[in-house]
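Data from work-v6.txt: compact mmCIF, C-alpha atoms
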# COMPACT_ATOMS: atom_id res chain seq x y z
CA MET R 2 0.00 0.00 0.00
CA ARG R 3 1.38 3.38 -1.04
CA PHE R 4 0.23 6.79 0.26
CA THR R 5 0.67 10.21 -1.29
CA VAL R 6 0.34 13.32 0.89
CA ALA R 7 0.97 17.03 0.60
CA LEU R 8 3.06 18.17 3.57
CA ASP R 9 2.39 21.35 5.49
CA SER R 10 5.42 22.78 3.66
CA GLY R 11 3.71 22.19 0.31
CA ARG R 12 6.01 19.37 -0.80
CA ARG R 13 4.47 16.18 -2.18
CA VAL R 14 5.52 12.89 -0.61
CA GLU R 15 4.85 9.30 -1.63
CA PHE R 16 5.61 6.51 0.84
CA THR R 17 4.76 3.06 2.21
CA PRO R 18 3.22 3.43 5.71
CA HIS R 19 4.30 1.00 8.41
CA HIS R 20 2.56 2.65 11.39
CA VAL R 21 0.27 5.61 12.07
CA GLN R 22 0.30 7.43 15.41
CA PRO R 23 -3.13 6.86 17.00
CA LEU R 24 -5.43 9.85 17.38
CA THR R 25 -6.84 10.96 20.72
CA LEU R 26 -10.28 11.22 22.31
CA ALA R 27 -10.16 15.00 21.78
CA ASP R 28 -9.55 14.37 18.08
CA LEU R 29 -12.55 12.05 17.97
CA HIS R 30 -14.79 14.67 19.56
CA ALA R 31 -13.52 17.19 17.01
CA THR R 32 -14.49 14.96 14.07
CA ALA R 33 -18.01 14.56 15.47
CA SER R 34 -18.65 18.30 15.57
CA GLY R 35 -19.36 18.55 11.84
CA THR R 36 -16.78 21.32 11.31
CA ASN R 37 -14.30 19.26 9.21
CA PRO R 38 -11.41 19.64 11.66
CA SER R 39 -7.74 19.63 10.72
CA LEU R 40 -5.89 16.80 12.47
CA ARG R 41 -2.15 16.25 12.55
CA ILE R 42 -1.24 12.74 11.35
CA SER R 43 2.16 11.13 11.88
CA TRP R 44 3.30 8.14 9.82
CA THR R 45 6.27 5.85 10.29
CA ALA R 46 7.13 5.32 6.64
CA ALA R 47 9.49 3.52 4.27
CA ASP R 48 10.54 4.11 0.64
CA ILE R 49 9.88 7.84 0.90
CA VAL R 50 9.88 9.80 -2.38
CA ILE R 51 9.75 13.60 -2.12
CA ASP R 52 8.55 15.57 -5.16
CA GLY R 53 9.36 12.61 -7.39
CA GLY R 54 13.03 12.64 -6.42
CA GLN R 55 15.33 9.99 -5.05
CA ALA R 56 13.81 7.55 -2.56
CA ALA R 57 14.83 7.67 1.09
CA PRO R 58 14.83 4.42 3.13
CA GLY R 59 12.45 5.60 5.83
CA GLY R 60 11.50 8.12 8.49
CA ILE R 61 8.65 9.95 10.22
CA ILE R 62 6.22 12.01 8.16
CA HIS R 63 3.91 14.63 9.69
CA SER R 64 1.00 16.14 7.78
CA THR R 65 -2.26 17.95 8.53
CA VAL R 66 -5.36 16.16 7.24
CA VAL R 67 -8.76 17.80 6.79
CA PHE R 68 -11.64 15.32 6.94
CA GLN R 69 -14.43 16.22 4.53
CA GLU R 70 -16.59 13.54 6.14
CA ALA R 71 -16.36 12.38 9.76
CA PRO R 72 -14.51 9.02 10.00
CA ARG R 73 -17.41 6.72 10.82
CA PRO R 74 -16.95 3.94 11.66
CA TYR R 75 -13.45 4.26 13.07
CA ALA R 76 -10.99 1.63 14.28
CA LEU R 77 -9.92 1.27 17.90
CA VAL R 78 -6.17 0.60 17.94
CA PRO R 79 -3.61 0.32 20.77
CA GLY R 80 -3.25 3.81 22.20
CA GLY R 81 -6.29 5.43 20.58
CA TRP R 82 -8.21 5.30 17.31
CA LEU R 83 -7.74 5.82 13.57
CA PRO R 84 -9.92 6.26 10.47
CA LEU R 85 -10.28 2.83 8.86
CA PRO R 86 -7.96 3.50 5.88
CA LEU R 87 -5.12 4.51 8.23
CA ALA R 88 -5.29 1.41 10.46
CA ILE R 89 -2.40 -0.99 9.77
CA PRO R 90 -2.88 -3.88 9.20
CA PRO R 91 -6.40 -3.33 7.79
CA ARG R 92 -8.12 -6.17 9.65
CA PHE R 93 -11.29 -5.13 11.45
CA LEU R 94 -13.43 -6.83 14.10
CA VAL R 95 -17.00 -5.60 13.61
CA ASP R 96 -19.35 -5.13 16.58
CA SER R 97 -23.10 -4.59 16.84
CA ASN R 98 -22.85 -0.81 16.44
CA VAL R 99 -21.28 -1.15 13.00
CA VAL R 100 -23.63 -3.96 11.94
CA ALA R 101 -26.62 -1.84 12.98
CA ASP R 102 -25.40 1.04 10.79
CA LEU R 103 -24.69 -1.33 7.90
CA ARG R 104 -28.22 -2.68 8.21
CA LYS R 105 -29.65 0.85 8.09
CA LEU R 106 -27.49 1.65 5.08
CA ASN R 107 -28.66 -1.49 3.28
CA SER R 108 -32.33 -0.86 4.13
CA TYR R 109 -32.37 2.89 3.48
CA PRO R 110 -29.63 3.65 0.91
CA SER R 111 -30.93 7.18 0.28
CA ARG R 112 -30.46 8.37 3.89
CA THR R 113 -28.35 11.52 3.78
CA ASP R 114 -27.07 11.09 7.34
CA PHE R 115 -25.13 8.01 6.21
CA THR R 116 -23.25 9.74 3.39
CA GLY R 117 -19.95 9.81 5.24
CA PHE R 118 -20.37 6.29 6.61
CA GLU R 119 -21.01 4.94 3.12
CA MET R 120 -18.06 6.87 1.65
CA TRP R 121 -15.57 5.43 4.14
CA MET R 122 -16.88 1.88 3.74
CA ARG R 123 -16.79 2.09 -0.07
CA LEU R 124 -13.02 2.44 0.12
CA PHE R 125 -12.85 -1.30 0.81
CA GLU R 126 -14.89 -2.60 -2.13
CA ASN R 127 -11.67 -3.85 -3.75
CA GLY R 128 -10.95 -6.19 -0.84
CA ALA R 129 -8.17 -4.00 0.59
CA ALA R 130 -9.32 -4.80 4.15
CA VAL R 131 -10.59 -7.89 5.95
CA PHE R 132 -13.75 -7.73 8.09
CA ASN R 133 -14.69 -10.21 10.81
CA SER R 134 -18.14 -10.19 12.46
CA VAL R 135 -17.18 -12.34 15.46
CA PRO R 136 -17.61 -9.53 18.08
CA TYR R 137 -21.16 -9.00 16.80
CA ALA R 138 -21.86 -12.70 17.22
CA TRP R 139 -20.22 -12.75 20.66
CA GLU R 140 -22.52 -10.01 21.97
CA GLY R 141 -25.64 -12.11 21.50
CA GLN R 142 -29.08 -10.75 20.69
CA LYS R 143 -31.05 -11.96 23.72
CA SER R 144 -29.24 -10.26 26.65
CA ARG R 145 -27.39 -13.48 27.42
CA ALA R 146 -24.58 -15.59 26.05
CA PRO R 147 -25.55 -17.07 22.66
CA ASP R 148 -25.74 -20.82 22.19
CA TYR R 149 -24.01 -22.46 19.24
CA ALA R 150 -26.87 -22.00 16.76
CA GLU R 151 -27.45 -18.38 17.80
CA PHE R 152 -23.74 -17.61 17.53
CA VAL R 153 -23.48 -19.11 14.04
CA GLY R 154 -26.62 -17.29 12.91
CA ALA R 155 -25.40 -13.95 14.23
CA PHE R 156 -21.94 -14.39 12.72
CA GLU R 157 -23.37 -15.15 9.28
CA SER R 158 -25.92 -12.34 9.58
CA GLY R 159 -23.19 -9.82 10.37
CA ALA R 160 -21.07 -11.08 7.47
CA SER R 161 -24.06 -10.75 5.13
CA GLU R 162 -24.66 -7.14 6.19
CA ILE R 163 -21.02 -6.32 5.43
CA ARG R 164 -21.16 -7.95 1.99
CA ALA R 165 -24.42 -6.20 1.13
CA ALA R 166 -23.12 -2.77 2.12
CA VAL R 167 -19.62 -3.19 0.66
CA PRO R 168 -19.77 -5.46 -2.40
CA GLY R 169 -16.41 -7.08 -3.01
CA ALA R 170 -15.21 -6.62 0.58
CA ALA R 171 -13.10 -9.40 2.07
CA VAL R 172 -15.15 -11.00 4.85
CA VAL R 173 -13.92 -13.76 7.15
CA THR R 174 -15.83 -17.05 6.99
CA PHE R 175 -15.83 -19.77 9.66
CA GLY R 176 -16.27 -23.53 9.65
CA PRO R 177 -17.25 -25.78 12.56
CA SER R 178 -13.79 -25.77 14.16
CA GLU R 179 -13.55 -21.95 14.03
CA TYR R 180 -17.04 -21.60 15.52
CA ASP R 181 -16.07 -23.91 18.38
CA ALA R 182 -12.85 -21.97 19.03
CA ALA R 183 -14.64 -18.60 18.95
CA LEU R 184 -17.27 -19.77 21.43
CA ALA R 185 -14.55 -21.13 23.70
CA ILE R 186 -12.86 -17.71 23.70
CA ARG R 187 -16.16 -16.07 24.61
CA SER R 188 -16.60 -18.52 27.46
CA GLU R 189 -13.15 -17.52 28.76
CA PHE R 190 -14.20 -13.86 28.61
CA ALA R 191 -17.30 -14.63 30.65
CA THR R 192 -15.27 -16.54 33.24
CA ASP R 193 -12.82 -13.66 33.56
CA ALA R 194 -15.70 -11.20 33.93
CA ARG R 195 -17.21 -13.21 36.79
CA ARG R 196 -13.86 -13.34 38.56
CA GLU R 197 -13.36 -9.61 38.15
CA ALA R 198 -16.87 -8.89 39.42
CA ALA R 199 -16.24 -10.99 42.52
CA PHE R 200 -12.91 -9.20 43.03
CA LEU R 201 -14.59 -5.78 42.85
CA GLU R 202 -17.31 -6.82 45.29
CA ALA R 203 -14.59 -7.88 47.72
CA ILE R 204 -12.47 -4.74 47.60
CA CYS R 205 -15.04 -1.97 47.09
CA PRO R 206 -15.72 -1.69 50.85
CA LEU R 207 -12.00 -0.94 51.28
CA LEU R 208 -12.14 2.00 48.88
CA VAL R 209 -15.59 3.49 49.38
CA ASP R 210 -14.21 6.06 51.83
CA ARG R 211 -11.13 8.20 51.47
CA ILE R 212 -8.04 6.29 52.61
CA LYS R 213 -6.22 7.71 55.61
CA GLN R 214 -2.61 8.59 54.98
CA GLY R 215 -0.39 5.73 56.05
CA GLU R 216 -3.06 3.04 55.42
CA GLU R 217 -2.23 2.59 51.72
CA ALA R 218 0.15 -0.34 52.16
CA HIS R 219 -2.39 -2.23 54.28
CA ILE R 220 -5.16 -1.71 51.70
CA GLU R 221 -2.85 -2.64 48.84
CA ALA R 222 -2.02 -5.93 50.54
CA ALA R 223 -5.75 -6.63 50.94
CA ILE R 224 -6.30 -5.87 47.23
CA PHE R 225 -3.57 -8.29 46.18
CA ALA R 226 -4.96 -10.92 48.55
CA ALA R 227 -8.34 -10.54 46.85
CA CYS R 228 -6.57 -11.01 43.51
CA GLU R 229 -5.22 -14.34 44.69
CA ARG R 230 -8.58 -15.52 46.05
CA GLN R 231 -10.51 -14.65 42.90
CA GLY R 232 -7.85 -15.66 40.37
CA VAL R 233 -7.48 -12.16 38.92
CA PRO R 234 -3.99 -11.32 37.57
CA ARG R 235 -2.31 -8.37 39.27
CA HIS R 236 -1.57 -6.77 35.90
CA SER R 237 -5.23 -6.82 34.73
CA PHE R 238 -6.97 -3.53 34.01
CA VAL R 239 -9.45 -3.95 36.86
CA VAL R 240 -6.61 -4.23 39.39
CA ILE R 241 -4.76 -1.26 37.88
CA ALA R 242 -7.97 0.78 38.11
CA THR R 243 -8.37 -0.27 41.76
CA LEU R 244 -4.82 0.78 42.63
CA SER R 245 -5.38 4.12 40.91
CA CYS R 246 -8.34 4.71 43.24
CA LEU R 247 -6.19 3.74 46.22
CA TYR R 248 -3.39 6.15 45.37
CA ASP R 249 -5.48 8.94 43.89
CA GLY R 250 -4.08 12.00 45.55

So that I can check it, write out the structure of this file as structure tokens.
Amino acid sequence: MRFTVALDSGRRVEFTPHHVQPLTLADLHATASGTNPSLRISWTAADIVIDGGQAAPGGIIHSTVVFQEAPRPYALVPGGWLPLPLAIPPRFLVDSNVVADLRKLNSYPSRTDFTGFEMWMRLFENGAAVFNSVPYAWEGQKSRAPDYAEFVGAFESGASEIRAAVPGAAVVTFGPSEYDAALAIRSEFATDARREAAFLEAICPLLVDRIKQGEEAHIEAAIFAACERQGVPRHSFVVIATLSCLYDG
């Protein structure tokens, strides 16, 4: 994949992107305002060609991008988010929010409020990205964990919505072994969630009131003891969040 951008200096640069610096929550709010904000994008790039001249092996490229349409949907990536075309590698897990919008787009193609959504999704009609509807199937449609048949039906329904909205898109398909593996992963998620819930129930009484100075070490030891009892790793997000409450100054 090659990109061509006009730098803030006016020079034209062509390059192969290896990584894009994630955008922030403030950037996301700016794109939702409808004012076509200018956002500064930073690429880690290779094979850089400036104004058609000699290629450089690599470097960091900074440019200001003006979005004519808000990036919707967007991709969550480690450290933030990115518009779909800037996410590397372009492999996307699709949840119920995206499937719901795809369904609206397929059912009401003339809706003007989906112009930007449709524009961004059309970029992938050539199969440049791979879409996987497993998060949509994981969520379930009956406020509970789906059984095997419900999971398969939801997975295939989500895949169909993607294909209908973006003809030619690359969409992941599963067979029996992949369905079994995906359901096993969901079961692990549910087990972890129950453990974390039990952990929070155990330690919340320790943190409900402001901690007296000098008591932090005692409370921390109790938190780690609860980790051991409930089988929650010390490095998990729920424990980190708990410790941040303990040491919030």

Which residue of R:Phe200, R:Phe4, R:Tyr248, R:Phe68 approaches Arg235 (chain R) most closely, using all atoms listed in the file: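 The shortest atom-to-atom distance to Arg235 (chain R) comes from R:Phe200.
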
Point-to-point distance from CA of Tyr109 (chain R) to CA of Ala166 (chain R), Å rounded to tenths: 10.9 Å

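For the residues R:Gly53, R:Thr65, R:His20, R:Lys143, ranking by smallest atom-to-atom distance to Ser39 (chain R) using only C-alpha atoms places R:Thr65 first.
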
Let me make sure I understand: among R:Val78, R:Leu106, R:Val167, R:Ile224, which one has the smallest atom-to-atom distance to Glu202 (chain R) if we use all atoms listed in the file? R:Ile224

Rank R:His63, R:Arg13, R:Arg123, R:Arg41 by their smallest atom-to-atom distance to Asp28 (chain R), using only C-alpha atoms, and report the top residue only. R:Arg41

Take region 91-102 of chain R, bring it up to N, CA, C and O atoms, and give me the output as an mmCIF file, keeping the file's coordinate frame.
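Dumped to out-v8.cif:
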data_model
loop_
_atom_site.group_PDB
_atom_site.id
_atom_site.type_symbol
_atom_site.label_atom_id
_atom_site.label_comp_id
_atom_site.auth_asym_id
_atom_site.auth_seq_id
_atom_site.Cartn_x
_atom_site.Cartn_y
_atom_site.Cartn_z
ATOM 1 N N PRO R 91 -4.967 -3.620 7.936
ATOM 2 C CA PRO R 91 -6.400 -3.330 7.790
ATOM 3 C C PRO R 91 -7.267 -4.575 8.023
ATOM 4 O O PRO R 91 -7.892 -5.118 7.116
ATOM 5 N N ARG R 92 -7.302 -5.020 9.265
ATOM 6 C CA ARG R 92 -8.120 -6.170 9.650
ATOM 7 C C ARG R 92 -9.034 -5.730 10.782
ATOM 8 O O ARG R 92 -8.555 -5.354 11.855
ATOM 9 N N PHE R 93 -10.349 -5.775 10.548
ATOM 10 C CA PHE R 93 -11.290 -5.130 11.450
ATOM 11 C C PHE R 93 -12.277 -6.128 12.041
ATOM 12 O O PHE R 93 -12.896 -6.916 11.313
ATOM 13 N N LEU R 94 -12.419 -6.072 13.377
ATOM 14 C CA LEU R 94 -13.430 -6.830 14.100
ATOM 15 C C LEU R 94 -14.670 -5.940 14.224
ATOM 16 O O LEU R 94 -14.601 -4.839 14.779
ATOM 17 N N VAL R 95 -15.793 -6.415 13.724
ATOM 18 C CA VAL R 95 -17.000 -5.600 13.610
ATOM 19 C C VAL R 95 -17.976 -5.948 14.729
ATOM 20 O O VAL R 95 -18.329 -7.113 14.925
ATOM 21 N N ASP R 96 -18.420 -4.902 15.468
ATOM 22 C CA ASP R 96 -19.350 -5.130 16.580
ATOM 23 C C ASP R 96 -20.772 -4.757 16.178
ATOM 24 O O ASP R 96 -21.044 -4.410 15.023
ATOM 25 N N SER R 97 -21.684 -4.816 17.139
ATOM 26 C CA SER R 97 -23.100 -4.590 16.840
ATOM 27 C C SER R 97 -23.389 -3.174 16.390
ATOM 28 O O SER R 97 -24.332 -2.945 15.623
ATOM 29 N N ASN R 98 -22.623 -2.184 16.865
ATOM 30 C CA ASN R 98 -22.850 -0.810 16.440
ATOM 31 C C ASN R 98 -22.643 -0.657 14.937
ATOM 32 O O ASN R 98 -23.434 -0.016 14.238
ATOM 33 N N VAL R 99 -21.564 -1.246 14.426
ATOM 34 C CA VAL R 99 -21.280 -1.150 13.000
ATOM 35 C C VAL R 99 -22.304 -1.952 12.191
ATOM 36 O O VAL R 99 -22.805 -1.478 11.166
ATOM 37 N N VAL R 100 -22.642 -3.152 12.660
ATOM 38 C CA VAL R 100 -23.630 -3.960 11.940
ATOM 39 C C VAL R 100 -24.974 -3.236 11.885
ATOM 40 O O VAL R 100 -25.661 -3.255 10.856
ATOM 41 N N ALA R 101 -25.357 -2.574 12.977
ATOM 42 C CA ALA R 101 -26.620 -1.840 12.980
ATOM 43 C C ALA R 101 -26.607 -0.728 11.934
ATOM 44 O O ALA R 101 -27.605 -0.516 11.220
ATOM 45 N N ASP R 102 -25.493 -0.016 11.808
ATOM 46 C CA ASP R 102 -25.400 1.040 10.790
ATOM 47 C C ASP R 102 -25.379 0.453 9.388
ATOM 48 O O ASP R 102 -25.957 1.023 8.458
#
